[in-house]
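What follows is a set of notes on a single structure, which appears directly below.
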Amino acid sequence: MRIVLAEDAALLREGLVGILERAGHEVVAAVGDADALLAFTARERPDAVVTDIRMPPTHTDEGLRAAARIRAEQPEVAVMVLSAYVAEAYVPELLDSAPGGGVGYLLKDRVGHVREFLDSLDRVAAGETVVDPQVVRQLLGRRRDDGPLATLTEREREVLGLMAEGRTNGSIAGVLVVSEAAVRKHVGSIFAKLRLDPASDRRVSAVLAYLRGS
């Protein structure tokens, strides 16, 4: 893939460049602020963008806002955002910027697990939605007392949480120590209760509804 990378910490930026290039990707630009990220993405038309959420000048959400703008202007560009810690508030905004998938939200600690990081990037480039398992676990602990999600059983919420981590039915069956047929039954029930359009990618739609808490 051709990738534009944005990270204001020089050492981490260089480390990410090394990881990506050793995996066979081409880093066409490695920058330290959101303005440069937008400029190089518009010019280079990369396959994917990897960006920190917090960058100069305010170190709040410049990277996130840049990612949302890129998705609006170049929806074909996959976007992976990195965060130093779990920030639930960023998840809905990020997902709303990319309703069709092709977006990821990982904690920076995940970069240390190189194979996992690269696999996540590949999945995002393939159009999937990838959210760090630690973020998913934190969201799983939130109460949902209204809306369609409130109709799900505890087991169905477990299945949906594991789906949000990007697990297949077979993987979910292994985690829950049940048959794959049982998982398929739960998934079908989740789709029905959330009233998802059969013409859409219901697995993605279910995960997005879960992560948005709606």
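Chains: A, B, ... in order of the structure tokens. Residues: from 1 per chain. Ligands: from 1, in order shown.
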Spatial neighbours of Ala66 of chain A, 8 Å, only C-alpha atoms, chain gap at least 6 places, as a PDB file with N, CA, C and O atoms, in the first residue's frame:
ATOM      1  N   ALA A  34      -1.424  18.073  11.338  1.00  0.00           N
ATOM      2  CA  ALA A  34      -2.627  17.770  10.559  1.00  0.00           C
ATOM      3  C   ALA A  34      -2.656  18.507   9.226  1.00  0.00           C
ATOM      4  O   ALA A  34      -3.154  17.968   8.227  1.00  0.00           O
ATOM      5  N   ASP A  35      -2.157  19.739   9.175  1.00  0.00           N
ATOM      6  CA  ASP A  35      -2.159  20.475   7.911  1.00  0.00           C
ATOM      7  C   ASP A  35      -1.327  19.757   6.857  1.00  0.00           C
ATOM      8  O   ASP A  35      -1.731  19.642   5.691  1.00  0.00           O
ATOM      9  N   LEU A  37      -0.643  16.582   6.868  1.00  0.00           N
ATOM     10  CA  LEU A  37      -1.366  15.347   6.563  1.00  0.00           C
ATOM     11  C   LEU A  37      -2.394  15.589   5.460  1.00  0.00           C
ATOM     12  O   LEU A  37      -2.471  14.831   4.486  1.00  0.00           O
ATOM     13  N   LEU A  38      -3.192  16.647   5.604  1.00  0.00           N
ATOM     14  CA  LEU A  38      -4.216  16.952   4.604  1.00  0.00           C
ATOM     15  C   LEU A  38      -3.585  17.278   3.253  1.00  0.00           C
ATOM     16  O   LEU A  38      -4.056  16.817   2.212  1.00  0.00           O
TER      17      LEU A  38
END
Problem set entry | Surrounding residues of Asn169 of chain A excluding itself and chain neighbours under 2 positions, 8 Å, only C-alpha atoms, as a list of chain:residue names | A:Arg167, A:Ser171, A:Ile172, A:Ala173, A:Glu180, A:Val183, A:Arg184
Problem set entry | Nearest residue to Asp122 of chain A from the set A:Leu82, A:Val103, A:Leu64, A:Leu160 (distances using only C-alpha atoms) |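 When distances to Asp122 of chain A are compared using only C-alpha atoms, the smallest one comes from A:Val103.
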Exercise. Where does DSSP see alpha helix (DSSP H) in segment 5-204 of chain A, if you list the residues as a PyMOL selection string?
Worked result: chain A and resi 10-22+34-44+62-73+90-96+114-125+133-140+154-164+169-176+180-193+202-204
Problem set entry | Near-Pro56 of chain A list (8 Å; only C-alpha atoms; drop same-chain fewer than 4 positions) as a list in words | Asp8, Gly32, Asp33, Ala34 and Glu62 of chain A
Got time to write the residues from that selection, N, CA and C atoms, as an mmCIF file, in the first residue's frame?
data_model
loop_
_atom_site.group_PDB
_atom_site.id
_atom_site.type_symbol
_atom_site.label_atom_id
_atom_site.label_comp_id
_atom_site.auth_asym_id
_atom_site.auth_seq_id
_atom_site.Cartn_x
_atom_site.Cartn_y
_atom_site.Cartn_z
ATOM 1 N N ASP A 8 3.327 13.349 15.525
ATOM 2 C CA ASP A 8 4.202 14.473 15.873
ATOM 3 C C ASP A 8 5.433 14.043 16.671
ATOM 4 N N GLY A 32 4.328 15.681 10.685
ATOM 5 C CA GLY A 32 4.137 15.882 12.116
ATOM 6 C C GLY A 32 2.966 16.734 12.511
ATOM 7 N N ASP A 33 2.097 17.102 11.567
ATOM 8 C CA ASP A 33 0.917 17.904 11.932
ATOM 9 C C ASP A 33 -0.213 17.647 10.951
ATOM 10 N N ALA A 34 -1.424 18.073 11.338
ATOM 11 C CA ALA A 34 -2.627 17.770 10.559
ATOM 12 C C ALA A 34 -2.656 18.507 9.226
ATOM 13 N N GLU A 62 -6.819 17.311 16.458
ATOM 14 C CA GLU A 62 -6.483 17.711 15.083
ATOM 15 C C GLU A 62 -6.424 16.529 14.121
#
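Put simply, atom CA of Glu26 of chain A is 12.4 Å away from atom CA of Val50 of chain A.
The space between atom CA of Thr129 of chain A and atom CA of Glu116 of chain A spans 14.6 Å.
In this model, the gap between atom CA of Ile3 of chain A and atom CA of Glu76 of chain A comes to 12.8 Å.
Compared by their closest atoms to Val124 of chain A, and using only C-alpha atoms, the residues A:Ala6, A:Ala84, A:Met163, A:Ala48 rank with A:Ala48 nearest.
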